[in-house]
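Visitor: Hey, dropping protein-v6.txt in here, compact mmCIF, N, CA and C atoms:
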# COMPACT_ATOMS: atom_id res chain seq x y z
N MET A 1 0.85 -1.18 0.00
CA MET A 1 0.00 0.00 0.00
C MET A 1 0.89 1.24 0.00
N VAL A 2 0.62 2.15 -0.92
CA VAL A 2 1.38 3.38 -1.03
C VAL A 2 0.41 4.53 -0.94
N ASN A 3 0.70 5.51 -0.10
CA ASN A 3 -0.11 6.72 -0.03
C ASN A 3 0.61 7.81 -0.78
N GLY A 4 -0.11 8.51 -1.65
CA GLY A 4 0.50 9.56 -2.43
C GLY A 4 0.32 9.33 -3.92
N SER A 5 1.00 10.15 -4.72
CA SER A 5 0.80 10.10 -6.16
C SER A 5 1.97 9.45 -6.90
N VAL A 6 3.03 9.06 -6.19
CA VAL A 6 4.20 8.50 -6.84
C VAL A 6 4.50 7.12 -6.27
N LEU A 7 4.71 6.17 -7.16
CA LEU A 7 5.10 4.82 -6.78
C LEU A 7 6.43 4.52 -7.45
N THR A 8 7.41 4.10 -6.67
CA THR A 8 8.68 3.66 -7.22
C THR A 8 8.75 2.16 -7.05
N PHE A 9 8.98 1.47 -8.16
CA PHE A 9 8.97 0.01 -8.15
C PHE A 9 10.32 -0.48 -8.67
N THR A 10 10.92 -1.43 -7.98
CA THR A 10 12.18 -2.01 -8.42
C THR A 10 11.94 -3.47 -8.76
N PRO A 11 11.94 -3.84 -10.05
CA PRO A 11 11.73 -5.24 -10.43
C PRO A 11 12.83 -6.13 -9.90
N ASP A 12 12.49 -7.37 -9.58
CA ASP A 12 13.47 -8.32 -9.06
C ASP A 12 14.14 -9.14 -10.15
N GLY A 13 13.76 -8.92 -11.41
CA GLY A 13 14.37 -9.65 -12.51
C GLY A 13 13.71 -10.98 -12.80
N LEU A 14 12.75 -11.39 -11.98
CA LEU A 14 12.11 -12.68 -12.17
C LEU A 14 10.85 -12.59 -13.02
N ASP A 15 10.17 -11.46 -12.97
CA ASP A 15 8.88 -11.32 -13.64
C ASP A 15 8.99 -10.42 -14.87
N SER A 16 8.15 -10.71 -15.87
CA SER A 16 8.12 -9.87 -17.06
C SER A 16 6.93 -8.92 -17.04
N SER A 17 6.04 -9.09 -16.05
CA SER A 17 4.90 -8.19 -15.89
C SER A 17 4.39 -8.30 -14.45
N PHE A 18 3.59 -7.33 -14.05
CA PHE A 18 2.94 -7.39 -12.75
C PHE A 18 1.63 -6.60 -12.81
N GLU A 19 0.75 -6.93 -11.88
CA GLU A 19 -0.55 -6.26 -11.81
C GLU A 19 -0.46 -5.11 -10.82
N LEU A 20 -0.91 -3.94 -11.25
CA LEU A 20 -0.89 -2.75 -10.40
C LEU A 20 -2.33 -2.30 -10.19
N GLN A 21 -2.70 -2.12 -8.93
CA GLN A 21 -4.05 -1.68 -8.61
C GLN A 21 -3.96 -0.33 -7.89
N CYS A 22 -4.77 0.62 -8.35
CA CYS A 22 -4.81 1.95 -7.76
C CYS A 22 -6.20 2.16 -7.15
N LEU A 23 -6.22 2.62 -5.91
CA LEU A 23 -7.47 2.90 -5.21
C LEU A 23 -7.48 4.37 -4.84
N ALA A 24 -8.47 5.11 -5.33
CA ALA A 24 -8.61 6.53 -5.01
C ALA A 24 -9.83 6.72 -4.11
N LEU A 25 -9.65 7.50 -3.06
CA LEU A 25 -10.71 7.75 -2.09
C LEU A 25 -10.99 9.24 -2.02
N ASN A 26 -12.25 9.60 -2.20
CA ASN A 26 -12.68 10.98 -2.02
C ASN A 26 -13.12 11.13 -0.56
N PRO A 27 -12.36 11.85 0.25
CA PRO A 27 -12.69 11.93 1.67
C PRO A 27 -14.01 12.66 1.96
N GLU A 28 -14.44 13.55 1.07
CA GLU A 28 -15.69 14.28 1.29
C GLU A 28 -16.90 13.39 1.06
N SER A 29 -16.90 12.63 -0.02
CA SER A 29 -18.05 11.80 -0.35
C SER A 29 -17.88 10.35 0.13
N ALA A 30 -16.67 10.00 0.53
CA ALA A 30 -16.33 8.64 0.97
C ALA A 30 -16.47 7.63 -0.17
N LYS A 31 -16.51 8.13 -1.40
CA LYS A 31 -16.57 7.23 -2.54
C LYS A 31 -15.16 6.80 -2.94
N THR A 32 -15.08 5.58 -3.45
CA THR A 32 -13.79 5.07 -3.91
C THR A 32 -13.88 4.67 -5.37
N LEU A 33 -12.75 4.70 -6.00
CA LEU A 33 -12.63 4.27 -7.39
C LEU A 33 -11.37 3.40 -7.47
N THR A 34 -11.51 2.24 -8.07
CA THR A 34 -10.40 1.31 -8.21
C THR A 34 -10.11 1.07 -9.68
N SER A 35 -8.83 1.05 -10.00
CA SER A 35 -8.40 0.76 -11.36
C SER A 35 -7.25 -0.23 -11.29
N THR A 36 -7.29 -1.22 -12.18
CA THR A 36 -6.24 -2.24 -12.22
C THR A 36 -5.67 -2.30 -13.64
N THR A 37 -4.34 -2.43 -13.72
CA THR A 37 -3.69 -2.54 -15.02
C THR A 37 -2.51 -3.52 -14.91
N ILE A 38 -2.14 -4.07 -16.03
CA ILE A 38 -0.97 -4.95 -16.11
C ILE A 38 0.19 -4.12 -16.64
N ILE A 39 1.30 -4.12 -15.93
CA ILE A 39 2.49 -3.38 -16.32
C ILE A 39 3.50 -4.38 -16.90
N GLU A 40 3.93 -4.13 -18.14
CA GLU A 40 4.96 -4.95 -18.76
C GLU A 40 6.33 -4.36 -18.38
N ILE A 41 7.24 -5.22 -17.96
CA ILE A 41 8.58 -4.78 -17.57
C ILE A 41 9.52 -4.98 -18.75
N ARG A 42 10.14 -3.91 -19.17
CA ARG A 42 11.13 -3.98 -20.23
C ARG A 42 12.50 -3.80 -19.59
N ASN A 43 13.11 -4.91 -19.29
CA ASN A 43 14.39 -4.89 -18.59
C ASN A 43 15.53 -4.84 -19.61
N PRO A 44 16.38 -3.80 -19.53
CA PRO A 44 17.47 -3.69 -20.50
C PRO A 44 18.66 -4.61 -20.18
N VAL A 45 18.61 -5.29 -19.04
CA VAL A 45 19.74 -6.13 -18.63
C VAL A 45 19.28 -7.59 -18.57
N SER A 46 20.09 -8.48 -19.12
CA SER A 46 19.76 -9.91 -19.09
C SER A 46 21.04 -10.74 -19.00
N VAL A 47 20.89 -11.98 -18.54
CA VAL A 47 22.01 -12.92 -18.50
C VAL A 47 21.82 -13.90 -19.65
N ARG A 48 22.87 -14.06 -20.43
CA ARG A 48 22.83 -14.95 -21.59
C ARG A 48 24.13 -15.75 -21.67
N PRO A 49 24.07 -16.94 -22.27
CA PRO A 49 25.32 -17.68 -22.51
C PRO A 49 26.21 -16.91 -23.47
N SER A 50 27.50 -16.98 -23.25
CA SER A 50 28.47 -16.36 -24.13
C SER A 50 28.47 -17.07 -25.48
N THR A 51 28.74 -16.35 -26.54
CA THR A 51 28.79 -16.97 -27.86
C THR A 51 29.98 -17.92 -27.98
N ALA A 52 31.01 -17.71 -27.16
CA ALA A 52 32.18 -18.59 -27.20
C ALA A 52 31.87 -19.97 -26.60
N PHE A 53 31.00 -20.00 -25.59
CA PHE A 53 30.62 -21.25 -24.92
C PHE A 53 29.10 -21.27 -24.75
N PRO A 54 28.34 -21.50 -25.84
CA PRO A 54 26.88 -21.32 -25.79
C PRO A 54 26.09 -22.45 -25.15
N ILE A 55 26.65 -23.66 -25.06
CA ILE A 55 25.87 -24.80 -24.56
C ILE A 55 26.53 -25.34 -23.29
N PRO A 56 25.80 -25.34 -22.16
CA PRO A 56 26.40 -25.86 -20.92
C PRO A 56 26.53 -27.39 -20.96
N MET A 57 27.76 -27.87 -20.72
CA MET A 57 28.02 -29.30 -20.67
C MET A 57 28.95 -29.58 -19.49
N LEU A 58 28.61 -30.58 -18.69
CA LEU A 58 29.44 -30.94 -17.54
C LEU A 58 30.88 -31.17 -17.97
N GLY A 59 31.81 -30.63 -17.16
CA GLY A 59 33.23 -30.82 -17.43
C GLY A 59 33.79 -29.91 -18.49
N GLN A 60 32.95 -29.07 -19.11
CA GLN A 60 33.40 -28.17 -20.18
C GLN A 60 33.35 -26.72 -19.71
N ASP A 61 34.11 -25.85 -20.39
CA ASP A 61 34.05 -24.42 -20.11
C ASP A 61 32.68 -23.88 -20.49
N PHE A 62 32.24 -22.85 -19.76
CA PHE A 62 30.96 -22.20 -20.04
C PHE A 62 31.02 -20.80 -19.49
N SER A 63 30.42 -19.86 -20.19
CA SER A 63 30.41 -18.47 -19.74
C SER A 63 29.02 -17.87 -19.85
N LEU A 64 28.70 -17.01 -18.89
CA LEU A 64 27.47 -16.21 -18.91
C LEU A 64 27.88 -14.75 -19.02
N THR A 65 27.15 -13.98 -19.84
CA THR A 65 27.43 -12.56 -19.97
C THR A 65 26.26 -11.75 -19.44
N CYS A 66 26.59 -10.61 -18.88
CA CYS A 66 25.59 -9.67 -18.38
C CYS A 66 25.35 -8.66 -19.50
N GLN A 67 24.35 -8.93 -20.34
CA GLN A 67 24.08 -8.06 -21.49
C GLN A 67 23.29 -6.84 -21.05
N GLY A 68 23.68 -5.71 -21.59
CA GLY A 68 23.02 -4.46 -21.24
C GLY A 68 23.79 -3.65 -20.22
N SER A 69 24.82 -4.25 -19.64
CA SER A 69 25.65 -3.52 -18.68
C SER A 69 26.62 -2.63 -19.45
N HIS A 70 27.09 -1.59 -18.79
CA HIS A 70 28.01 -0.65 -19.42
C HIS A 70 29.43 -0.93 -18.96
N ARG A 71 30.32 -1.03 -19.91
CA ARG A 71 31.72 -1.33 -19.61
C ARG A 71 32.29 -0.30 -18.61
N GLY A 72 32.94 -0.81 -17.59
CA GLY A 72 33.56 0.06 -16.59
C GLY A 72 32.66 0.37 -15.40
N LEU A 73 31.35 0.10 -15.52
CA LEU A 73 30.45 0.33 -14.39
C LEU A 73 30.28 -0.97 -13.62
N PRO A 74 30.01 -0.89 -12.31
CA PRO A 74 29.94 -2.09 -11.47
C PRO A 74 28.89 -3.11 -11.92
N VAL A 75 29.29 -4.40 -11.85
CA VAL A 75 28.39 -5.53 -12.12
C VAL A 75 28.57 -6.52 -10.98
N ALA A 76 27.47 -6.98 -10.40
CA ALA A 76 27.51 -8.01 -9.37
C ALA A 76 26.74 -9.23 -9.88
N TRP A 77 27.19 -10.42 -9.51
CA TRP A 77 26.57 -11.67 -9.96
C TRP A 77 25.90 -12.38 -8.79
N PHE A 78 24.76 -13.04 -9.09
CA PHE A 78 24.00 -13.76 -8.08
C PHE A 78 23.59 -15.12 -8.61
N LYS A 79 23.62 -16.11 -7.72
CA LYS A 79 23.13 -17.45 -8.03
C LYS A 79 22.09 -17.79 -6.98
N ASP A 80 20.87 -18.08 -7.43
CA ASP A 80 19.77 -18.41 -6.52
C ASP A 80 19.61 -17.35 -5.43
N GLY A 81 19.81 -16.08 -5.81
CA GLY A 81 19.61 -14.96 -4.89
C GLY A 81 20.79 -14.64 -4.00
N GLN A 82 21.86 -15.44 -4.06
CA GLN A 82 23.04 -15.23 -3.23
C GLN A 82 24.19 -14.71 -4.08
N THR A 83 25.02 -13.84 -3.51
CA THR A 83 26.16 -13.29 -4.23
C THR A 83 27.11 -14.41 -4.65
N VAL A 84 27.54 -14.37 -5.91
CA VAL A 84 28.52 -15.32 -6.43
C VAL A 84 29.92 -14.83 -6.04
N SER A 85 30.69 -15.71 -5.45
CA SER A 85 32.07 -15.38 -5.08
C SER A 85 33.02 -16.22 -5.91
N PRO A 86 33.52 -15.67 -7.01
CA PRO A 86 34.45 -16.42 -7.86
C PRO A 86 35.70 -16.81 -7.08
N ASP A 87 36.19 -18.02 -7.30
CA ASP A 87 37.38 -18.49 -6.58
C ASP A 87 38.66 -18.28 -7.39
N GLY A 88 38.55 -17.81 -8.62
CA GLY A 88 39.71 -17.56 -9.45
C GLY A 88 40.21 -18.79 -10.20
N GLU A 89 39.82 -19.97 -9.75
CA GLU A 89 40.24 -21.20 -10.43
C GLU A 89 39.09 -21.78 -11.24
N MET A 90 38.04 -22.21 -10.57
CA MET A 90 36.92 -22.85 -11.25
C MET A 90 35.91 -21.83 -11.79
N ILE A 91 35.72 -20.74 -11.08
CA ILE A 91 34.81 -19.67 -11.51
C ILE A 91 35.56 -18.36 -11.42
N ARG A 92 35.52 -17.59 -12.52
CA ARG A 92 36.21 -16.30 -12.49
C ARG A 92 35.41 -15.26 -13.28
N LEU A 93 35.69 -14.00 -12.99
CA LEU A 93 35.06 -12.89 -13.69
C LEU A 93 36.00 -12.40 -14.79
N GLN A 94 35.41 -12.02 -15.92
CA GLN A 94 36.17 -11.50 -17.04
C GLN A 94 35.47 -10.27 -17.61
N GLU A 95 36.17 -9.59 -18.50
CA GLU A 95 35.58 -8.44 -19.23
C GLU A 95 34.93 -7.42 -18.28
N HIS A 96 35.70 -6.93 -17.31
CA HIS A 96 35.20 -5.93 -16.36
C HIS A 96 33.98 -6.44 -15.58
N ASN A 97 34.01 -7.71 -15.20
CA ASN A 97 32.95 -8.38 -14.42
C ASN A 97 31.67 -8.62 -15.21
N THR A 98 31.66 -8.34 -16.51
CA THR A 98 30.43 -8.56 -17.29
C THR A 98 30.28 -10.01 -17.72
N THR A 99 31.33 -10.82 -17.56
CA THR A 99 31.28 -12.24 -17.92
C THR A 99 31.65 -13.10 -16.72
N LEU A 100 30.82 -14.09 -16.45
CA LEU A 100 31.08 -15.07 -15.40
C LEU A 100 31.50 -16.36 -16.10
N HIS A 101 32.75 -16.78 -15.90
CA HIS A 101 33.30 -17.92 -16.63
C HIS A 101 33.51 -19.11 -15.70
N PHE A 102 33.04 -20.29 -16.14
CA PHE A 102 33.24 -21.55 -15.43
C PHE A 102 34.30 -22.34 -16.19
N ASN A 103 35.41 -22.71 -15.53
CA ASN A 103 36.48 -23.46 -16.20
C ASN A 103 36.07 -24.88 -16.51
N SER A 104 35.26 -25.48 -15.67
CA SER A 104 34.80 -26.85 -15.89
C SER A 104 33.49 -27.00 -15.12
N LEU A 105 32.36 -27.03 -15.85
CA LEU A 105 31.06 -27.05 -15.18
C LEU A 105 30.90 -28.28 -14.30
N LEU A 106 30.40 -28.04 -13.09
CA LEU A 106 30.09 -29.08 -12.13
C LEU A 106 28.58 -29.11 -11.91
N PRO A 107 28.03 -30.23 -11.46
CA PRO A 107 26.59 -30.26 -11.15
C PRO A 107 26.18 -29.17 -10.16
N SER A 108 27.08 -28.85 -9.23
CA SER A 108 26.77 -27.83 -8.21
C SER A 108 26.72 -26.41 -8.79
N ASP A 109 27.18 -26.21 -10.03
CA ASP A 109 27.11 -24.89 -10.67
C ASP A 109 25.70 -24.58 -11.17
N GLY A 110 24.84 -25.57 -11.25
CA GLY A 110 23.47 -25.35 -11.72
C GLY A 110 22.73 -24.41 -10.79
N GLY A 111 21.85 -23.59 -11.35
CA GLY A 111 21.04 -22.66 -10.55
C GLY A 111 20.54 -21.51 -11.40
N PHE A 112 19.91 -20.56 -10.73
CA PHE A 112 19.32 -19.39 -11.38
C PHE A 112 20.27 -18.21 -11.22
N TYR A 113 20.87 -17.76 -12.33
CA TYR A 113 21.88 -16.70 -12.31
C TYR A 113 21.28 -15.37 -12.75
N GLN A 114 21.70 -14.31 -12.04
CA GLN A 114 21.32 -12.95 -12.39
C GLN A 114 22.54 -12.06 -12.20
N CYS A 115 22.53 -10.93 -12.91
CA CYS A 115 23.56 -9.92 -12.67
C CYS A 115 22.86 -8.61 -12.32
N GLU A 116 23.54 -7.81 -11.55
CA GLU A 116 23.03 -6.49 -11.20
C GLU A 116 24.01 -5.48 -11.76
N ALA A 117 23.52 -4.62 -12.63
CA ALA A 117 24.38 -3.67 -13.33
C ALA A 117 24.00 -2.24 -12.98
N ALA A 118 25.01 -1.40 -12.87
CA ALA A 118 24.79 0.02 -12.65
C ALA A 118 24.45 0.68 -13.99
N LEU A 119 23.25 1.24 -14.07
CA LEU A 119 22.82 1.96 -15.27
C LEU A 119 22.32 3.33 -14.84
N ASP A 120 22.84 4.35 -15.48
CA ASP A 120 22.47 5.72 -15.14
C ASP A 120 22.67 5.94 -13.64
N ASP A 121 21.59 6.25 -12.91
CA ASP A 121 21.71 6.54 -11.49
C ASP A 121 21.17 5.44 -10.60
N SER A 122 20.95 4.23 -11.15
CA SER A 122 20.40 3.15 -10.33
C SER A 122 21.00 1.81 -10.73
N ASP A 123 20.84 0.84 -9.84
CA ASP A 123 21.27 -0.52 -10.14
C ASP A 123 20.07 -1.29 -10.67
N VAL A 124 20.28 -2.08 -11.73
CA VAL A 124 19.21 -2.84 -12.37
C VAL A 124 19.52 -4.33 -12.25
N MET A 125 18.57 -5.08 -11.68
CA MET A 125 18.71 -6.53 -11.59
C MET A 125 18.23 -7.13 -12.90
N SER A 126 19.04 -8.01 -13.45
CA SER A 126 18.75 -8.58 -14.77
C SER A 126 17.61 -9.58 -14.74
N GLN A 127 17.13 -9.88 -15.94
CA GLN A 127 16.35 -11.08 -16.12
C GLN A 127 17.33 -12.22 -15.90
N GLY A 128 16.86 -13.35 -15.44
CA GLY A 128 17.75 -14.42 -15.06
C GLY A 128 17.96 -15.48 -16.12
N TYR A 129 18.89 -16.38 -15.83
CA TYR A 129 19.22 -17.50 -16.68
C TYR A 129 19.29 -18.75 -15.80
N LEU A 130 18.51 -19.76 -16.15
CA LEU A 130 18.52 -21.01 -15.39
C LEU A 130 19.56 -21.94 -16.01
N LEU A 131 20.64 -22.18 -15.28
CA LEU A 131 21.71 -23.05 -15.74
C LEU A 131 21.44 -24.45 -15.25
N ASP A 132 21.19 -25.36 -16.19
CA ASP A 132 20.91 -26.76 -15.88
C ASP A 132 22.17 -27.56 -16.17
N CYS A 133 22.75 -28.15 -15.13
CA CYS A 133 24.01 -28.88 -15.28
C CYS A 133 23.83 -30.37 -15.03
N GLU A 134 22.84 -30.97 -15.62
CA GLU A 134 22.62 -32.40 -15.41
C GLU A 134 23.02 -33.19 -16.63
Can you present the structure in this file as structure tokens?
Guide:
Amino acid sequence: MVNGSVLTFTPDGLDSSFELQCLALNPESAKTLTSTTIIEIRNPVSVRPSTAFPIPMLGQDFSLTCQGSHRGLPVAWFKDGQTVSPDGEMIRLQEHNTTLHFNSLLPSDGGFYQCEAALDDSDVMSQGYLLDCE
């Protein structure tokens, strides 16, 4: 519930749309008016497989890129909602943190990956990528 005329919404990167309902109350007449609309989210940031390693295969190299991020601006990586901590050997960051590279995919690398990129004056959480390592 938000009181006022401005709503600031930060998408979590999981949904492509959401339902927004507005309720207006006239305090003098006590009448209410409700309006509902579907908002489509156009997220400029997404996680995609790198063209160099496009198909995830156990034991093989694989890379994810944070598309839509700006070179030189901060990028953070998340797996299943938790910060990814590259170890430098099996998982490392490349290309100014815009690429997450796996030296040899393990079953434990599977999960839902997202990146958070600094765009203009705010951080934007990407649409995610489900990495299936079976």
Visitor: Any idea what's packed within 5 Å of range 58-72 of chain A, counting only N, CA and C atoms, ignoring anything in its chain fewer than 2 positions away? Could you give it as a ChimeraX atom specification?
Guide: /A:44-50,53,56,74,98-105
Visitor: Using CA of Ser85 in chain A and atom C of Met125 in chain A as the two end points, give the distance in Å to one decimal.
Guide: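 Going from CA of Ser85 in chain A over to atom C of Met125 in chain A covers 17.9 Å.
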Visitor: Rounded to one decimal in Å, what is the spacing between CA of Leu73 in chain A and CA of Cys115 in chain A?
Guide: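 Spanning CA of Leu73 in chain A to CA of Cys115 in chain A is a straight-line distance of 12.5 Å.
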Visitor: Hey, can you check how far CA of Gly128 in chain A sits from CA of Phe78 in chain A?
Guide: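 Answer for the CA of Gly128 in chain A to CA of Phe78 in chain A separation: 9.4 Å.
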Visitor: Can you list, as JSON, numbers by chain, every protein, DNA or RNA residue that comes within 8 Å of Lys79 in chain A when you count all atoms listed in the file, leaving out same-chain residues fewer than 6 positions away?
Guide: {"A": [85, 110, 111, 112, 113, 114, 115]}
Visitor: May I have the selected residues written with N, CA and C atoms, as a PDB file, in the coordinates of the input?
Guide:
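Saved file again.pdb follows:
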ATOM      1  N   SER A  85      30.690 -15.710  -5.450  1.00  0.00           N
ATOM      2  CA  SER A  85      32.070 -15.380  -5.080  1.00  0.00           C
ATOM      3  C   SER A  85      33.020 -16.220  -5.910  1.00  0.00           C
ATOM      4  N   GLY A 110      24.840 -25.570 -11.250  1.00  0.00           N
ATOM      5  CA  GLY A 110      23.470 -25.350 -11.720  1.00  0.00           C
ATOM      6  C   GLY A 110      22.730 -24.410 -10.790  1.00  0.00           C
ATOM      7  N   GLY A 111      21.850 -23.590 -11.350  1.00  0.00           N
ATOM      8  CA  GLY A 111      21.040 -22.660 -10.550  1.00  0.00           C
ATOM      9  C   GLY A 111      20.540 -21.510 -11.400  1.00  0.00           C
ATOM     10  N   PHE A 112      19.910 -20.560 -10.730  1.00  0.00           N
ATOM     11  CA  PHE A 112      19.320 -19.390 -11.380  1.00  0.00           C
ATOM     12  C   PHE A 112      20.270 -18.210 -11.220  1.00  0.00           C
ATOM     13  N   TYR A 113      20.870 -17.760 -12.330  1.00  0.00           N
ATOM     14  CA  TYR A 113      21.880 -16.700 -12.310  1.00  0.00           C
ATOM     15  C   TYR A 113      21.280 -15.370 -12.750  1.00  0.00           C
ATOM     16  N   GLN A 114      21.700 -14.310 -12.040  1.00  0.00           N
ATOM     17  CA  GLN A 114      21.320 -12.950 -12.390  1.00  0.00           C
ATOM     18  C   GLN A 114      22.540 -12.060 -12.200  1.00  0.00           C
ATOM     19  N   CYS A 115      22.530 -10.930 -12.910  1.00  0.00           N
ATOM     20  CA  CYS A 115      23.560  -9.920 -12.670  1.00  0.00           C
ATOM     21  C   CYS A 115      22.860  -8.610 -12.320  1.00  0.00           C
TER      22      CYS A 115
END
Visitor: Using only C-alpha atoms, which residue out of A:Ile39, A:Val124, A:Val6, A:Leu33 lies closest to Phe18 in chain A?
Guide: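 Ranked by minimum distance to Phe18 in chain A, first place goes to A:Ile39.
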Visitor: Mind the document's chain letters and residue numbers, and return as a VMD selection string the residues of chain A that DSSP labels strand (DSSP E or B).
Guide: chain A and resid 17 to 26 31 to 40 46 to 49 62 to 67 75 to 79 82 to 83 91 to 94 99 to 102 111 to 119 122 to 125 127 129 to 131
Visitor: Please rebuild range 107-115 of chain A with all heavy atoms and return the result as a compact mmCIF listing (two decimals), keeping the file's coordinate frame.
Guide:
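part29.txt, written as the output of this step:
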# COMPACT_ATOMS: atom_id res chain seq x y z
N PRO A 107 28.03 -30.23 -11.46
CA PRO A 107 26.59 -30.26 -11.15
C PRO A 107 26.18 -29.17 -10.16
O PRO A 107 25.11 -28.59 -10.26
CB PRO A 107 26.37 -31.65 -10.57
CG PRO A 107 27.46 -32.49 -11.17
CD PRO A 107 28.64 -31.56 -11.30
N SER A 108 27.08 -28.85 -9.23
CA SER A 108 26.77 -27.83 -8.21
C SER A 108 26.72 -26.41 -8.79
O SER A 108 26.25 -25.49 -8.13
CB SER A 108 27.80 -27.89 -7.09
OG SER A 108 29.10 -27.65 -7.60
N ASP A 109 27.18 -26.21 -10.03
CA ASP A 109 27.11 -24.89 -10.67
C ASP A 109 25.70 -24.58 -11.17
O ASP A 109 25.40 -23.43 -11.50
CB ASP A 109 28.08 -24.82 -11.85
CG ASP A 109 29.53 -24.84 -11.41
OD1 ASP A 109 29.83 -24.31 -10.32
OD2 ASP A 109 30.36 -25.41 -12.15
N GLY A 110 24.84 -25.57 -11.25
CA GLY A 110 23.47 -25.35 -11.72
C GLY A 110 22.73 -24.41 -10.79
O GLY A 110 22.94 -24.39 -9.57
N GLY A 111 21.85 -23.59 -11.35
CA GLY A 111 21.04 -22.66 -10.55
C GLY A 111 20.54 -21.51 -11.40
O GLY A 111 20.74 -21.46 -12.61
N PHE A 112 19.91 -20.56 -10.73
CA PHE A 112 19.32 -19.39 -11.38
C PHE A 112 20.27 -18.21 -11.22
O PHE A 112 20.51 -17.73 -10.11
CB PHE A 112 17.95 -19.08 -10.77
CG PHE A 112 17.20 -18.00 -11.49
CD1 PHE A 112 16.63 -18.24 -12.72
CD2 PHE A 112 17.06 -16.74 -10.92
CE1 PHE A 112 15.92 -17.25 -13.40
CE2 PHE A 112 16.35 -15.75 -11.58
CZ PHE A 112 15.79 -16.00 -12.81
N TYR A 113 20.87 -17.76 -12.33
CA TYR A 113 21.88 -16.70 -12.31
C TYR A 113 21.28 -15.37 -12.75
O TYR A 113 20.51 -15.30 -13.70
CB TYR A 113 23.05 -17.06 -13.21
CG TYR A 113 23.94 -18.13 -12.62
CD1 TYR A 113 23.63 -19.47 -12.77
CD2 TYR A 113 25.07 -17.79 -11.89
CE1 TYR A 113 24.43 -20.46 -12.21
CE2 TYR A 113 25.88 -18.76 -11.33
CZ TYR A 113 25.55 -20.10 -11.49
OH TYR A 113 26.34 -21.07 -10.93
N GLN A 114 21.70 -14.31 -12.04
CA GLN A 114 21.32 -12.95 -12.39
C GLN A 114 22.54 -12.06 -12.20
O GLN A 114 23.45 -12.38 -11.43
CB GLN A 114 20.20 -12.44 -11.48
CG GLN A 114 18.88 -13.13 -11.67
CD GLN A 114 17.85 -12.61 -10.68
OE1 GLN A 114 17.85 -13.01 -9.53
NE2 GLN A 114 16.99 -11.72 -11.15
N CYS A 115 22.53 -10.93 -12.91
CA CYS A 115 23.56 -9.92 -12.67
C CYS A 115 22.86 -8.61 -12.32
O CYS A 115 21.72 -8.38 -12.72
CB CYS A 115 24.48 -9.74 -13.89
SG CYS A 115 23.66 -9.15 -15.38
